[in-house]
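*Asks:* Got a structure here, written out as structure tokens. Questions coming.
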Amino acid sequence: MAANGLRFRHFYNTSRCCPSRASLLTGLYNQQAGIGEMTTARTEPGYRGYITDNTVTLAEVLKDAGYHTAMSGKWHVSNTVEQSTPAEQLKWLNHQASHPYFSPVEHTL
């Protein structure tokens, strides 16, 4: 595959970063992958805000096929950990406060 290159000729762009990224990583419509909107958890199945457990990424498929894989760049297909108050959330977003996790670790495994 790498020797001959690969051209993606059909791609569904959702006009938003997280849902488009989920589609590109999984080959599914964003709602099927669990990222119907952004990374906020909702109660509807297609709007969980993270790539759901029953969804595999292209990297997982390639790894199972014997390829070496790595994750680099912006992940942002998992729930964002929100701080306890709006003021704390704003401090965190403005890099005035530090917290150990951006998202739940189990969403990246």
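In the structure tokens, chains take the letters A, B, ... in the order shown, each chain's residues start at 1, and ligands count up from 1 in the order shown.
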Return as a list of chain:residue names the full set of residues in chain A whose backbone-based DSSP assignment is alpha helix (DSSP H).

*Replies:*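 DSSP on the backbone gives alpha helix (DSSP H) at A:Cys17, A:Cys18, A:Pro19, A:Ser20, A:Arg21, A:Ala22, A:Ser23, A:Leu24, A:Leu25, A:Thr26, A:Asn30, A:Gln31, A:Gln32, A:Ala33, A:Leu58, A:Ala59, A:Glu60, A:Val61, A:Leu62, A:Lys63, A:Asp64, A:Pro86, A:Ala87, A:Glu88, A:Gln89, A:Leu90, A:Lys91, A:Trp92, A:Leu93.
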
*Asks:* Please identify every residue of segment 7-46 of chain A that has at least one atom no farther than 10 Å from an atom of segment 59-82 of chain A, counting only C-alpha atoms, and for each give the shortest atom pair and the distance in Å to one decimal, arranged by chain then increasing number, as a tab-separated table.

*Replies:*
```
residue	atom	partner	partner_atom	distance
A:Cys17	CA	A:His76	CA	8.6
A:Cys18	CA	A:Val77	CA	5.9
A:Pro19	CA	A:Val77	CA	7.8
A:Ser20	CA	A:Val77	CA	9.7
A:Arg21	CA	A:Val77	CA	7.3
A:Ala22	CA	A:Val77	CA	6.3
A:Leu25	CA	A:Ala59	CA	7.7
A:Thr26	CA	A:Ala59	CA	8.7
A:Ala33	CA	A:Val77	CA	9.6
A:Gly34	CA	A:Val77	CA	9.0
A:Ile35	CA	A:Val77	CA	7.1
A:Met38	CA	A:Val77	CA	8.0
A:Thr39	CA	A:Asn79	CA	4.7
A:Thr40	CA	A:Asn79	CA	5.7
A:Ala41	CA	A:Asn79	CA	6.4
```

*Asks:* Give the answer as one residue: which of A:Ala97, A:Leu90, A:Val56, A:Ile51 has the shortest atom-to-atom distance to Asn30 of chain A, using only C-alpha atoms?

*Replies:* A:Ile51

*Asks:* Give me the residues near His99 of chain A as a list in words, where near means some atom within 12 Å (using only C-alpha atoms) and where sequence neighbours in that chain fewer than 4 positions away do not count.

*Replies:*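 What passes the distance filter is Thr80, Val81, Glu82, Gln83, Ser84, Glu88, Gln89, Lys91, Trp92, Leu93, His95 and Ser103 of chain A.
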
*Asks:* Between A:Asn4, A:Thr85, A:Leu28, A:Leu58, which has the minimum distance to Gly46 of chain A (counting only C-alpha atoms)?

*Replies:*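 Smallest distance to Gly46 of chain A is found for A:Leu28.
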
*Asks:* In Å, with one decimal, what is the gap from atom CA of Glu44 of chain A to atom CA of Pro100 of chain A?

*Replies:* 28.2 Å

*Asks:* Could you check which of A:Glu106, A:Gly5, A:Ala87, A:Phe11 is closest to Tyr29 of chain A, using only C-alpha atoms?

*Replies:*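 Looking at the shortest contact to Tyr29 of chain A, the residue is A:Phe11.
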
*Asks:* Counting only C-alpha atoms, which residue out of A:Gln31, A:Arg42, A:Pro86, A:Ser23 sits closest to Thr57 of chain A?

*Replies:*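 Ranking A:Gln31, A:Arg42, A:Pro86, A:Ser23 by distance to Thr57 of chain A, first place goes to A:Ser23.
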